[in-house]
file structure.cif (mmCIF, C-alpha atoms and all ligand atoms)
data_upload
#
loop_
_atom_site.group_PDB
_atom_site.id
_atom_site.type_symbol
_atom_site.label_atom_id
_atom_site.label_comp_id
_atom_site.auth_asym_id
_atom_site.auth_seq_id
_atom_site.Cartn_x
_atom_site.Cartn_y
_atom_site.Cartn_z
ATOM 1 C CA MET U 15 -13.361 7.529 20.675
ATOM 2 C CA SER U 16 -15.789 7.062 17.781
ATOM 3 C CA ASP U 17 -16.237 3.800 15.876
ATOM 4 C CA ILE U 18 -14.386 5.382 12.972
ATOM 5 C CA GLU U 19 -11.333 6.104 15.117
ATOM 6 C CA ARG U 20 -11.356 2.584 16.481
ATOM 7 C CA THR U 21 -11.452 0.852 13.135
ATOM 8 C CA ALA U 22 -9.305 3.017 10.828
ATOM 9 C CA SER U 23 -6.294 1.019 9.644
ATOM 10 C CA ARG U 24 -3.267 1.312 11.917
ATOM 11 C CA THR U 25 -1.012 -0.474 9.459
ATOM 12 C CA ALA U 26 -1.786 2.350 7.010
ATOM 13 C CA VAL U 27 -0.316 4.763 9.566
ATOM 14 C CA LEU U 28 2.704 2.512 10.129
ATOM 15 C CA VAL U 29 3.630 2.332 6.438
ATOM 16 C CA CYS U 30 3.130 6.097 6.167
ATOM 17 C CA GLN U 31 5.512 6.494 9.117
ATOM 18 C CA GLY U 32 7.990 4.251 7.262
ATOM 19 C CA ARG U 33 7.821 6.470 4.164
ATOM 20 C CA ALA U 34 8.164 9.642 6.258
ATOM 21 C CA ALA U 35 11.185 8.168 8.077
ATOM 22 C CA ALA U 36 12.878 7.185 4.804
ATOM 23 C CA ASP U 37 12.210 10.428 2.906
ATOM 24 C CA GLY U 38 15.557 11.927 1.887
ATOM 25 C CA LYS U 39 17.428 9.417 4.074
ATOM 26 C CA VAL U 40 17.124 6.081 2.278
ATOM 27 C CA ALA U 41 17.844 5.560 -1.416
ATOM 28 C CA ALA U 42 17.799 9.328 -1.947
ATOM 29 C CA GLY U 43 17.352 10.161 -5.599
ATOM 30 C CA ARG U 44 15.262 7.022 -6.162
ATOM 31 C CA PHE U 45 12.839 7.293 -3.238
ATOM 32 C CA ALA U 46 11.077 10.393 -1.914
ATOM 33 C CA ASP U 47 7.794 11.015 -0.111
ATOM 34 C CA ALA U 48 7.669 14.490 1.371
ATOM 35 C CA VAL U 49 3.878 14.294 1.718
ATOM 36 C CA ALA U 50 3.886 11.321 4.117
ATOM 37 C CA VAL U 51 4.927 13.266 7.217
ATOM 38 C CA ARG U 52 2.125 15.760 6.640
ATOM 39 C CA LEU U 53 -0.461 12.996 6.904
ATOM 40 C CA LEU U 54 0.792 12.011 10.359
ATOM 41 C CA ARG U 55 -0.421 13.445 13.649
ATOM 42 C CA PRO U 56 2.140 14.777 16.163
ATOM 43 C CA PRO U 57 2.361 11.609 18.330
ATOM 44 C CA GLU U 58 2.849 9.564 15.155
ATOM 45 C CA ARG U 59 5.638 11.877 14.002
ATOM 46 C CA ALA U 60 7.706 11.446 17.179
ATOM 47 C CA PRO U 61 9.042 7.932 16.356
ATOM 48 C CA VAL U 62 9.604 9.077 12.754
ATOM 49 C CA ASP U 63 11.838 11.898 14.002
ATOM 50 C CA GLU U 64 13.703 9.432 16.222
ATOM 51 C CA VAL U 65 14.328 7.033 13.327
ATOM 52 C CA ARG U 66 15.491 9.883 11.108
ATOM 53 C CA ALA U 67 17.886 11.025 13.832
ATOM 54 C CA GLY U 68 18.916 7.461 14.767
ATOM 55 C CA THR U 69 18.108 8.191 18.413
ATOM 56 C CA PRO U 70 15.551 5.812 19.952
ATOM 57 C CA SER U 71 13.902 6.807 23.225
ATOM 58 C CA THR U 72 14.517 4.646 26.227
ATOM 59 C CA GLY U 73 11.963 2.132 27.463
ATOM 60 C CA TRP U 74 11.029 -1.122 25.761
ATOM 61 C CA LYS U 75 7.721 0.116 24.398
ATOM 62 C CA ALA U 76 9.195 3.214 22.744
ATOM 63 C CA ARG U 77 12.079 1.091 21.480
ATOM 64 C CA ALA U 78 9.652 -1.422 19.951
ATOM 65 C CA THR U 79 7.773 1.412 18.205
ATOM 66 C CA TYR U 80 11.086 2.810 16.938
ATOM 67 C CA GLU U 81 12.155 -0.595 15.580
ATOM 68 C CA GLY U 82 8.747 -1.068 13.956
ATOM 69 C CA VAL U 83 9.001 2.236 12.068
ATOM 70 C CA ARG U 84 12.652 1.613 11.147
ATOM 71 C CA ALA U 85 11.893 -1.873 9.804
ATOM 72 C CA CYS U 86 8.869 -0.567 7.958
ATOM 73 C CA ALA U 87 10.988 2.097 6.231
ATOM 74 C CA GLU U 88 13.146 -0.666 4.794
ATOM 75 C CA VAL U 89 10.124 -2.470 3.363
ATOM 76 C CA VAL U 90 8.338 0.540 1.910
ATOM 77 C CA VAL U 91 11.314 2.003 0.048
ATOM 78 C CA PRO U 92 11.855 -0.805 -2.501
ATOM 79 C CA ARG U 93 8.130 -1.367 -2.913
ATOM 80 C CA THR U 94 7.439 2.339 -3.469
ATOM 81 C CA VAL U 95 10.304 2.673 -5.958
ATOM 82 C CA ALA U 96 9.138 -0.380 -7.933
ATOM 83 C CA ILE U 97 5.508 0.739 -7.908
ATOM 84 C CA ASP U 98 6.277 4.353 -8.867
ATOM 85 C CA ASP U 99 8.422 3.078 -11.769
ATOM 86 C CA ALA U 100 5.590 0.785 -12.877
ATOM 87 C CA LEU U 101 3.031 3.600 -12.712
ATOM 88 C CA ARG U 102 5.292 5.853 -14.792
ATOM 89 C CA SER U 103 5.651 3.200 -17.472
ATOM 90 C CA HIS U 104 1.934 2.230 -17.532
ATOM 91 C CA GLY U 105 0.396 5.671 -17.840
ATOM 92 C CA THR U 106 -3.379 5.425 -18.327
ATOM 93 C CA PRO U 107 -6.129 8.047 -18.032
ATOM 94 C CA GLN U 108 -7.448 6.349 -14.865
ATOM 95 C CA LEU U 109 -5.655 5.065 -11.753
ATOM 96 C CA VAL U 110 -7.537 3.178 -9.046
ATOM 97 C CA VAL U 111 -5.678 2.780 -5.748
ATOM 98 C CA LEU U 112 -7.187 -0.189 -3.911
ATOM 99 C CA GLY U 113 -6.834 -0.031 -0.114
ATOM 100 C CA ALA U 114 -5.223 3.388 -0.475
ATOM 101 C CA GLY U 115 -4.560 4.045 3.213
ATOM 102 C CA LEU U 116 -2.340 7.128 3.453
ATOM 103 C CA ASP U 117 -0.991 6.723 -0.091
ATOM 104 C CA SER U 118 0.332 10.084 -1.282
ATOM 105 C CA ARG U 119 0.740 9.497 -5.004
ATOM 106 C CA ALA U 120 -2.101 11.772 -6.116
ATOM 107 C CA TRP U 121 -0.343 14.571 -4.206
ATOM 108 C CA ARG U 122 3.199 13.556 -5.092
ATOM 109 C CA LEU U 123 3.632 12.161 -8.619
ATOM 110 C CA PRO U 124 3.656 14.855 -11.332
ATOM 111 C CA GLU U 125 3.324 12.068 -13.912
ATOM 112 C CA LEU U 126 -0.339 11.776 -12.824
ATOM 113 C CA ALA U 127 -1.187 15.248 -14.163
ATOM 114 C CA ASP U 128 -3.367 13.718 -16.911
ATOM 115 C CA THR U 129 -4.766 10.924 -14.757
ATOM 116 C CA ASP U 130 -7.995 10.731 -12.762
ATOM 117 C CA VAL U 131 -7.346 8.901 -9.503
ATOM 118 C CA TRP U 132 -9.835 6.884 -7.452
ATOM 119 C CA GLU U 133 -8.890 6.077 -3.893
ATOM 120 C CA VAL U 134 -10.771 3.001 -2.691
ATOM 121 C CA ASP U 135 -10.515 2.014 0.948
ATOM 122 C CA HIS U 136 -12.378 0.645 3.912
ATOM 123 C CA PRO U 137 -14.857 3.368 4.952
ATOM 124 C CA ALA U 138 -13.218 3.838 8.375
ATOM 125 C CA SER U 139 -9.724 4.213 6.925
ATOM 126 C CA GLN U 140 -10.975 6.540 4.213
ATOM 127 C CA GLN U 141 -12.760 8.833 6.630
ATOM 128 C CA ASP U 142 -9.611 8.947 8.756
ATOM 129 C CA LYS U 143 -7.559 9.952 5.708
ATOM 130 C CA GLN U 144 -9.998 12.668 4.755
ATOM 131 C CA GLU U 145 -9.814 14.083 8.282
ATOM 132 C CA ARG U 146 -6.013 14.037 8.081
ATOM 133 C CA LEU U 147 -6.066 15.767 4.704
ATOM 134 C CA ALA U 148 -8.325 18.465 6.121
ATOM 135 C CA GLU U 149 -6.007 18.929 9.114
ATOM 136 C CA ALA U 150 -2.749 18.702 7.234
ATOM 137 C CA GLY U 151 -2.404 21.667 4.985
ATOM 138 C CA THR U 152 -1.507 19.044 2.412
ATOM 139 C CA PRO U 153 -0.015 20.186 -0.882
ATOM 140 C CA PRO U 154 -2.445 20.530 -3.767
ATOM 141 C CA VAL U 155 -3.446 17.450 -5.675
ATOM 142 C CA VAL U 156 -1.082 16.955 -8.628
ATOM 143 C CA ALA U 157 -3.223 14.318 -10.323
ATOM 144 C CA ARG U 158 -5.959 15.556 -12.669
ATOM 145 C CA SER U 159 -8.535 14.659 -10.018
ATOM 146 C CA VAL U 160 -8.995 12.490 -6.932
ATOM 147 C CA ARG U 161 -12.247 10.768 -6.032
ATOM 148 C CA PHE U 162 -12.949 8.693 -2.959
ATOM 149 C CA ALA U 163 -14.917 5.435 -3.016
ATOM 150 C CA PRO U 164 -15.506 3.779 0.363
ATOM 151 C CA VAL U 165 -15.503 -0.010 -0.059
ATOM 152 C CA ASP U 166 -15.063 -2.939 2.310
ATOM 153 C CA PHE U 167 -13.576 -5.635 0.063
ATOM 154 C CA ALA U 168 -15.100 -8.281 2.339
ATOM 155 C CA THR U 169 -18.703 -7.150 1.907
ATOM 156 C CA ASP U 170 -19.143 -4.393 -0.696
ATOM 157 C CA ASP U 171 -19.457 -4.361 -4.476
ATOM 158 C CA LEU U 172 -16.264 -2.717 -5.787
ATOM 159 C CA GLY U 173 -17.563 -2.425 -9.347
ATOM 160 C CA ARG U 174 -20.746 -0.674 -8.270
ATOM 161 C CA ALA U 175 -18.820 1.761 -6.033
ATOM 162 C CA LEU U 176 -16.531 2.691 -8.926
ATOM 163 C CA GLU U 177 -19.433 3.029 -11.361
ATOM 164 C CA ALA U 178 -21.173 5.352 -8.873
ATOM 165 C CA THR U 179 -18.100 7.589 -8.645
ATOM 166 C CA GLY U 180 -17.594 7.964 -12.396
ATOM 167 C CA HIS U 181 -14.984 5.331 -13.234
ATOM 168 C CA ASP U 182 -15.245 4.436 -16.935
ATOM 169 C CA ALA U 183 -14.789 0.704 -17.557
ATOM 170 C CA SER U 184 -14.356 1.288 -21.295
ATOM 171 C CA VAL U 185 -11.175 3.338 -20.765
ATOM 172 C CA PRO U 186 -7.832 1.753 -19.725
ATOM 173 C CA THR U 187 -7.173 1.778 -16.001
ATOM 174 C CA THR U 188 -4.059 1.174 -13.964
ATOM 175 C CA TRP U 189 -4.943 -0.563 -10.714
ATOM 176 C CA LEU U 190 -2.628 -0.289 -7.728
ATOM 177 C CA TRP U 191 -3.033 -2.797 -4.910
ATOM 178 C CA GLU U 192 -0.240 -2.209 -2.410
ATOM 179 C CA GLY U 193 0.035 -3.668 1.070
ATOM 180 C CA VAL U 194 -3.537 -4.956 1.145
ATOM 181 C CA VAL U 195 -3.637 -8.555 -0.158
ATOM 182 C CA PRO U 196 -2.262 -10.137 3.062
ATOM 183 C CA TYR U 197 -5.167 -8.636 5.036
ATOM 184 C CA LEU U 198 -7.784 -10.293 2.814
ATOM 185 C CA THR U 199 -8.871 -13.932 2.664
ATOM 186 C CA HIS U 200 -8.256 -15.967 -0.492
ATOM 187 C CA ASP U 201 -11.916 -15.580 -1.415
ATOM 188 C CA GLU U 202 -11.811 -11.792 -0.928
ATOM 189 C CA VAL U 203 -8.682 -11.576 -3.079
ATOM 190 C CA ARG U 204 -10.368 -13.607 -5.810
ATOM 191 C CA ALA U 205 -13.546 -11.505 -5.680
ATOM 192 C CA THR U 206 -11.503 -8.301 -5.918
ATOM 193 C CA VAL U 207 -9.453 -9.606 -8.864
ATOM 194 C CA ARG U 208 -12.733 -10.507 -10.602
ATOM 195 C CA ALA U 209 -14.121 -7.003 -10.034
ATOM 196 C CA VAL U 210 -10.867 -5.441 -11.264
ATOM 197 C CA ALA U 211 -10.851 -7.622 -14.398
ATOM 198 C CA ASP U 212 -14.517 -6.795 -15.108
ATOM 199 C CA ARG U 213 -13.655 -3.079 -15.302
ATOM 200 C CA SER U 214 -10.300 -3.440 -17.100
ATOM 201 C CA ALA U 215 -10.481 -2.292 -20.716
ATOM 202 C CA PRO U 216 -7.710 -3.497 -23.065
ATOM 203 C CA GLY U 217 -4.515 -1.620 -22.166
ATOM 204 C CA SER U 218 -5.234 -1.810 -18.432
ATOM 205 C CA ALA U 219 -2.634 -2.996 -15.933
ATOM 206 C CA LEU U 220 -2.633 -4.205 -12.341
ATOM 207 C CA VAL U 221 0.346 -3.243 -10.168
ATOM 208 C CA LEU U 222 0.222 -5.591 -7.232
ATOM 209 C CA ASN U 223 2.185 -5.907 -4.010
ATOM 210 C CA TYR U 224 1.629 -9.139 -2.118
ATOM 211 C CA GLN U 225 3.337 -11.341 0.410
ATOM 212 C CA GLY U 226 4.720 -14.803 -0.239
ATOM 213 C CA PRO U 227 4.820 -17.477 2.459
ATOM 214 C CA SER U 228 7.825 -16.961 4.750
ATOM 215 C CA VAL U 229 8.630 -18.449 8.136
ATOM 216 C CA LYS U 230 10.895 -15.462 8.874
ATOM 217 C CA ALA U 231 8.264 -12.813 8.066
ATOM 218 C CA SER U 232 5.551 -14.653 10.011
ATOM 219 C CA ALA U 233 7.885 -15.073 13.013
ATOM 220 C CA GLY U 234 8.721 -11.344 12.796
ATOM 221 C CA ARG U 235 5.044 -10.437 12.989
ATOM 222 C CA LEU U 236 4.569 -12.794 15.921
ATOM 223 C CA ILE U 237 7.451 -11.154 17.807
ATOM 224 C CA ALA U 238 6.079 -7.692 16.949
ATOM 225 C CA ARG U 239 2.697 -8.727 18.350
ATOM 226 C CA VAL U 240 4.236 -9.950 21.570
ATOM 227 C CA LEU U 241 6.461 -6.894 22.000
ATOM 228 C CA ASN U 242 4.584 -4.068 20.525
ATOM 229 C CA SER U 243 1.514 -4.190 19.489
ATOM 230 C CA SER U 244 -1.944 -3.982 18.708
ATOM 231 C CA VAL U 245 -0.968 -2.707 15.229
ATOM 232 C CA THR U 246 -0.226 -6.187 13.909
ATOM 233 C CA ALA U 247 -2.714 -7.876 16.279
ATOM 234 C CA SER U 248 -5.664 -5.826 15.033
ATOM 235 C CA GLU U 249 -4.845 -6.474 11.358
ATOM 236 C CA PRO U 250 -3.736 -10.105 11.030
ATOM 237 C CA TRP U 251 -2.447 -11.585 7.786
ATOM 238 C CA ARG U 252 -5.090 -13.738 6.117
ATOM 239 C CA SER U 253 -3.539 -14.796 2.817
ATOM 240 C CA LEU U 254 -0.018 -15.367 1.534
ATOM 241 C CA TRP U 255 0.541 -16.278 -2.095
ATOM 242 C CA LYS U 256 3.248 -18.127 -3.986
ATOM 243 C CA PRO U 257 4.028 -16.295 -7.252
ATOM 244 C CA GLN U 258 2.767 -19.207 -9.382
ATOM 245 C CA LYS U 259 -0.577 -19.263 -7.515
ATOM 246 C CA MET U 260 -1.003 -15.526 -7.863
ATOM 247 C CA ALA U 261 -0.133 -15.652 -11.579
ATOM 248 C CA ALA U 262 -2.630 -18.496 -12.077
ATOM 249 C CA LEU U 263 -5.408 -16.571 -10.306
ATOM 250 C CA LEU U 264 -4.773 -13.449 -12.378
ATOM 251 C CA ALA U 265 -4.629 -15.490 -15.592
ATOM 252 C CA GLU U 266 -8.072 -16.958 -14.828
ATOM 253 C CA TYR U 267 -9.402 -13.411 -15.127
ATOM 254 C CA GLY U 268 -7.425 -12.445 -18.227
ATOM 255 C CA LEU U 269 -4.596 -10.626 -16.437
ATOM 256 C CA ARG U 270 -1.148 -11.776 -17.624
ATOM 257 C CA VAL U 271 1.804 -11.275 -15.280
ATOM 258 C CA VAL U 272 4.620 -9.496 -17.134
ATOM 259 C CA SER U 273 6.929 -9.016 -14.139
ATOM 260 C CA ASP U 274 7.077 -10.224 -10.556
ATOM 261 C CA GLU U 275 10.049 -9.455 -8.330
ATOM 262 C CA ASP U 276 10.817 -9.757 -4.644
ATOM 263 C CA LEU U 277 11.652 -6.661 -2.611
ATOM 264 C CA LEU U 278 15.181 -7.871 -1.876
ATOM 265 C CA ALA U 279 16.044 -7.976 -5.578
ATOM 266 C CA ILE U 280 14.660 -4.436 -5.932
ATOM 267 C CA ALA U 281 16.507 -3.225 -2.800
ATOM 268 C CA ASN U 282 19.765 -4.721 -4.040
ATOM 269 C CA ARG U 283 19.619 -2.400 -7.047
ATOM 270 C CA LEU U 284 19.204 0.681 -4.834
ATOM 271 C CA GLU U 285 22.020 2.592 -3.183
ATOM 272 C CA SER U 286 20.992 1.994 0.385
ATOM 273 C CA SER U 287 21.446 0.183 3.637
ATOM 274 C CA MET U 288 18.661 -2.283 2.815
ATOM 275 C CA ARG U 289 20.868 -4.342 0.518
ATOM 276 C CA GLY U 290 21.151 -7.877 1.772
ATOM 277 C CA ARG U 291 18.119 -7.702 4.136
ATOM 278 C CA THR U 292 16.823 -11.195 3.528
ATOM 279 C CA SER U 293 13.547 -10.399 5.344
ATOM 280 C CA LEU U 294 12.589 -8.390 2.237
ATOM 281 C CA ARG U 295 12.505 -11.540 0.131
ATOM 282 C CA SER U 296 8.892 -12.473 0.887
ATOM 283 C CA GLY U 297 7.384 -9.156 -0.231
ATOM 284 C CA ARG U 298 6.748 -8.940 -3.968
ATOM 285 C CA VAL U 299 5.711 -6.416 -6.620
ATOM 286 C CA ALA U 300 4.083 -7.798 -9.758
ATOM 287 C CA VAL U 301 2.665 -6.160 -12.853
ATOM 288 C CA ALA U 302 -0.095 -7.861 -14.843
ATOM 289 C CA ARG U 303 -1.590 -6.645 -18.095
ATOM 290 C CA ARG U 304 -5.037 -7.094 -19.536
ATOM 291 C CA ALA U 305 -4.528 -9.834 -22.108
HETATM 292 C C1 LIG H 401 -1.011 -1.630 5.260
HETATM 293 S S1 LIG H 401 -2.300 -0.583 4.765
HETATM 294 C C2 LIG H 401 -1.712 -0.171 3.136
HETATM 295 C C3 LIG H 401 -2.184 1.170 2.699
HETATM 296 C C4 LIG H 401 -1.562 1.677 1.382
HETATM 297 N N1 LIG H 401 -1.942 0.881 0.267
HETATM 298 C C5 LIG H 401 -0.071 1.775 1.498
HETATM 299 O O1 LIG H 401 0.630 0.886 1.017
HETATM 300 O O2 LIG H 401 0.387 2.744 2.099
HETATM 301 C C6 LIG H 401 -3.640 -1.676 4.450
HETATM 302 C C7 LIG H 401 -4.845 -1.007 3.820
HETATM 303 O O3 LIG H 401 -5.772 -2.029 3.445
HETATM 304 C C8 LIG H 401 -7.062 -1.574 3.748
HETATM 305 N N2 LIG H 401 -7.925 -2.741 3.942
HETATM 306 C C9 LIG H 401 -7.692 -3.837 4.685
HETATM 307 N N3 LIG H 401 -8.764 -4.653 4.652
HETATM 308 C C10 LIG H 401 -9.689 -4.036 3.871
HETATM 309 C C11 LIG H 401 -11.020 -4.363 3.469
HETATM 310 N N4 LIG H 401 -11.621 -5.493 3.862
HETATM 311 N N5 LIG H 401 -11.676 -3.490 2.672
HETATM 312 C C12 LIG H 401 -11.084 -2.325 2.266
HETATM 313 N N6 LIG H 401 -9.830 -1.976 2.617
HETATM 314 C C13 LIG H 401 -9.155 -2.811 3.417
HETATM 315 C C14 LIG H 401 -6.905 -0.771 5.025
HETATM 316 O O4 LIG H 401 -7.999 0.108 5.228
HETATM 317 C C15 LIG H 401 -5.590 -0.060 4.756
HETATM 318 O O5 LIG H 401 -5.782 1.169 4.124
#
call {"tool": "encode", "arguments": {"input": "structure.cif", "output": "structure tokens", "more": "lines below"}}
Ligand SMILES: C[S@@+](CC[C@H](N)C(=O)[O-])C[C@H]1O[C@@H](n2cnc3c(N)ncnc32)[C@H](O)[C@@H]1O
result
Amino acid sequence: MSDIERTASRTAVLVCQGRAAADGKVAAGRFADAVAVRLLRPPERAPVDEVRAGTPSTGWKARATYEGVRACAEVVVPRTVAIDDALRSHGTPQLVVLGAGLDSRAWRLPELADTDVWEVDHPASQQDKQERLAEAGTPPVVARSVRFAPVDFATDDLGRALEATGHDASVPTTWLWEGVVPYLTHDEVRATVRAVADRSAPGSALVLNYQGPSVKASAGRLIARVLNSSVTASEPWRSLWKPQKMAALLAEYGLRVVSDEDLLAIANRLESSMRGRTSLRSGRVAVARRA
């Protein structure tokens, strides 16, 4: 196994499995991601098929994988719906997806036809995605263009990487930061917000998914680590944010929060089985605008 294979994000695969499992099954009509399954390799598709069929394999390990994918599907549906809605209502000529993982929006959202997309991710995760895209027979890009900028938020200069790949800081940008903040320290989050603000022309917006403090969610991850898995063990949570603290940080850099909702409130508006899942309460989707 190469270094790349060892360090590519496994949580990126898990959330992609969640989207593939939910496609056409959960909140149909509001949620869809037909591209997700194509980014998965055959062994990763097996638990997705089981969740879609509602037939877990026997054995505690397979059962734990099944439950992980099933639970993940419930989290990704409300967050994807909220983020897709936000992207549709904040159309800008540029979209930067921070910590893109196996995000499929550039291949999935026709509303991006006039938008240039930058996918920023850890170099190992990005190389893994590019290999998957090459293997997948993925549908054509529907965005105007997609460019890849490898960046480790802990060590690299985000602004310089974007400049080098043609991002124009004088043109409005929508920034998407989904499922990444918990994996960064407070200082790394602050440094990334600063870099985002530095390249945000008036009219720019940040669409942000983050995790609030929650005993239930932290206990769930602990149980998952004991039962399952190296997936959560290899990518521990490093920062959880109360909404007021996040809003204050963004405001310091001229980004004004215009909405911030928890995933349970979003799920409760969807026609689906996730209504009432209180574990969704600690995940949040916020939108901030360049003041
Ligand atoms: C749970 S995945 C989310 C992926 C995608 N945004 C989604 O929601 O499907 C976490 C992502 O954060 C990225 N990430 C974590 N730490 C990072 C770092 N220090 N620098 C760059 N990317 C990082 C991983 O590479 C991975 O793609």
call {"tool": "closest_residue", "arguments": {"input": "structure.cif", "among": "U:Leu264, U:Ala22, U:Ala96, U:Val155", "to": "ligand LIG 401 (chain H)", "atoms": "all atoms listed in the file"}}
result
U:Ala22
call {"tool": "resolve_selection", "arguments": {"input": "structure.cif", "expression": "the PyMOL selection byres (((chain U and resi 160-162) around 8) and not hetatm)", "output": "list in words"}}
result
Ala120, Asp130, Val131, Trp132, Glu133, Val134, Gln140, Val155, Ala157, Arg158, Ser159, Ala163, Pro164 and Thr179 of chain U
call {"tool": "residues_around", "arguments": {"input": "structure.cif", "residues": "Leu284 in chain U", "least_positions_apart": "6", "cutoff": "12 Å", "atoms": "only C-alpha atoms", "output": "PyMOL selection string"}}
result
chain U and resi 40-45+88+91-96+277-278+290
call {"tool": "closest_atom_pairs", "arguments": {"input": "structure.cif", "of": "range 139-181 of chain U", "to": "range 212-228 of chain U", "cutoff": "10 Å", "atoms": "all atoms listed in the file", "output": "JSON lines"}}
result
{"residue": "U:Leu172", "atom": "CA", "partner": "U:Arg213", "partner_atom": "CA", "distance": 9.9}
{"residue": "U:Gly173", "atom": "CA", "partner": "U:Arg213", "partner_atom": "CA", "distance": 7.2}
{"residue": "U:Leu176", "atom": "CA", "partner": "U:Arg213", "partner_atom": "CA", "distance": 9.1}
{"residue": "U:Glu177", "atom": "CA", "partner": "U:Arg213", "partner_atom": "CA", "distance": 9.3}
{"residue": "U:His181", "atom": "CA", "partner": "U:Arg213", "partner_atom": "CA", "distance": 8.8}
call {"tool": "atom_distance", "arguments": {"input": "structure.cif", "atom1": "CA of Ala26 in chain U", "atom2": "CA of Ala302 in chain U"}}
result
24.2 Å
call {"tool": "residues_around", "arguments": {"input": "structure.cif", "residues": "Ala305 in chain U", "least_positions_apart": "4", "cutoff": "7 Å", "atoms": "all atoms listed in the file", "output": "PyMOL selection string"}}
result
chain U and resi 268-270
call {"tool": "residues_near_ligand", "arguments": {"input": "structure.cif", "ligand": "ligand LIG 401 (chain H)", "cutoff": "9 Å", "atoms": "only C-alpha atoms and all ligand atoms", "output": "VMD selection string"}}
result
chain U and resid 21 to 30 33 90 93 to 94 111 to 118 134 to 140 164 to 170 190 to 199 202 223 249
call {"tool": "write_last_selection", "arguments": {"input": "structure.cif", "atoms": "C-alpha atoms", "output": "mmCIF file, keeping the file's coordinate frame"}}
result
data_model
loop_
_atom_site.group_PDB
_atom_site.id
_atom_site.type_symbol
_atom_site.label_atom_id
_atom_site.label_comp_id
_atom_site.auth_asym_id
_atom_site.auth_seq_id
_atom_site.Cartn_x
_atom_site.Cartn_y
_atom_site.Cartn_z
ATOM 1 C CA THR U 21 -11.452 0.852 13.135
ATOM 2 C CA ALA U 22 -9.305 3.017 10.828
ATOM 3 C CA SER U 23 -6.294 1.019 9.644
ATOM 4 C CA ARG U 24 -3.267 1.312 11.917
ATOM 5 C CA THR U 25 -1.012 -0.474 9.459
ATOM 6 C CA ALA U 26 -1.786 2.350 7.010
ATOM 7 C CA VAL U 27 -0.316 4.763 9.566
ATOM 8 C CA LEU U 28 2.704 2.512 10.129
ATOM 9 C CA VAL U 29 3.630 2.332 6.438
ATOM 10 C CA CYS U 30 3.130 6.097 6.167
ATOM 11 C CA ARG U 33 7.821 6.470 4.164
ATOM 12 C CA VAL U 90 8.338 0.540 1.910
ATOM 13 C CA ARG U 93 8.130 -1.367 -2.913
ATOM 14 C CA THR U 94 7.439 2.339 -3.469
ATOM 15 C CA VAL U 111 -5.678 2.780 -5.748
ATOM 16 C CA LEU U 112 -7.187 -0.189 -3.911
ATOM 17 C CA GLY U 113 -6.834 -0.031 -0.114
ATOM 18 C CA ALA U 114 -5.223 3.388 -0.475
ATOM 19 C CA GLY U 115 -4.560 4.045 3.213
ATOM 20 C CA LEU U 116 -2.340 7.128 3.453
ATOM 21 C CA ASP U 117 -0.991 6.723 -0.091
ATOM 22 C CA SER U 118 0.332 10.084 -1.282
ATOM 23 C CA VAL U 134 -10.771 3.001 -2.691
ATOM 24 C CA ASP U 135 -10.515 2.014 0.948
ATOM 25 C CA HIS U 136 -12.378 0.645 3.912
ATOM 26 C CA PRO U 137 -14.857 3.368 4.952
ATOM 27 C CA ALA U 138 -13.218 3.838 8.375
ATOM 28 C CA SER U 139 -9.724 4.213 6.925
ATOM 29 C CA GLN U 140 -10.975 6.540 4.213
ATOM 30 C CA PRO U 164 -15.506 3.779 0.363
ATOM 31 C CA VAL U 165 -15.503 -0.010 -0.059
ATOM 32 C CA ASP U 166 -15.063 -2.939 2.310
ATOM 33 C CA PHE U 167 -13.576 -5.635 0.063
ATOM 34 C CA ALA U 168 -15.100 -8.281 2.339
ATOM 35 C CA THR U 169 -18.703 -7.150 1.907
ATOM 36 C CA ASP U 170 -19.143 -4.393 -0.696
ATOM 37 C CA LEU U 190 -2.628 -0.289 -7.728
ATOM 38 C CA TRP U 191 -3.033 -2.797 -4.910
ATOM 39 C CA GLU U 192 -0.240 -2.209 -2.410
ATOM 40 C CA GLY U 193 0.035 -3.668 1.070
ATOM 41 C CA VAL U 194 -3.537 -4.956 1.145
ATOM 42 C CA VAL U 195 -3.637 -8.555 -0.158
ATOM 43 C CA PRO U 196 -2.262 -10.137 3.062
ATOM 44 C CA TYR U 197 -5.167 -8.636 5.036
ATOM 45 C CA LEU U 198 -7.784 -10.293 2.814
ATOM 46 C CA THR U 199 -8.871 -13.932 2.664
ATOM 47 C CA GLU U 202 -11.811 -11.792 -0.928
ATOM 48 C CA ASN U 223 2.185 -5.907 -4.010
ATOM 49 C CA GLU U 249 -4.845 -6.474 11.358
#
call {"tool": "closest_residue", "arguments": {"input": "structure.cif", "among": "U:Ala100, U:Pro57, U:Ala148, U:Val156", "to": "Pro124 in chain U", "atoms": "all atoms listed in the file"}}
result
U:Val156
call {"tool": "atom_distance", "arguments": {"input": "structure.cif", "atom1": "CA of His200 in chain U", "atom2": "CA of Leu263 in chain U"}}
result
10.2 Å
call {"tool": "resolve_selection", "arguments": {"input": "structure.cif", "expression": "the PyMOL selection byres (((chain U and resi 125) around 9) and not hetatm)", "output": "VMD selection string"}}
result
chain U and resid 101 to 102 105 122 to 124 126 to 129 156 to 157
call {"tool": "atom_distance", "arguments": {"input": "structure.cif", "atom1": "CA of Ala76 in chain U", "atom2": "CA of Arg52 in chain U"}}
result
21.6 Å
call {"tool": "resolve_selection", "arguments": {"input": "structure.cif", "expression": "the PyMOL selection byres (((chain U and resi 83) around 7) and not hetatm)", "output": "list in words"}}
result
Leu28, Gln31, Gly32, Val62, Thr79, Tyr80, Glu81, Gly82, Arg84, Ala85, Cys86 and Ala87 of chain U
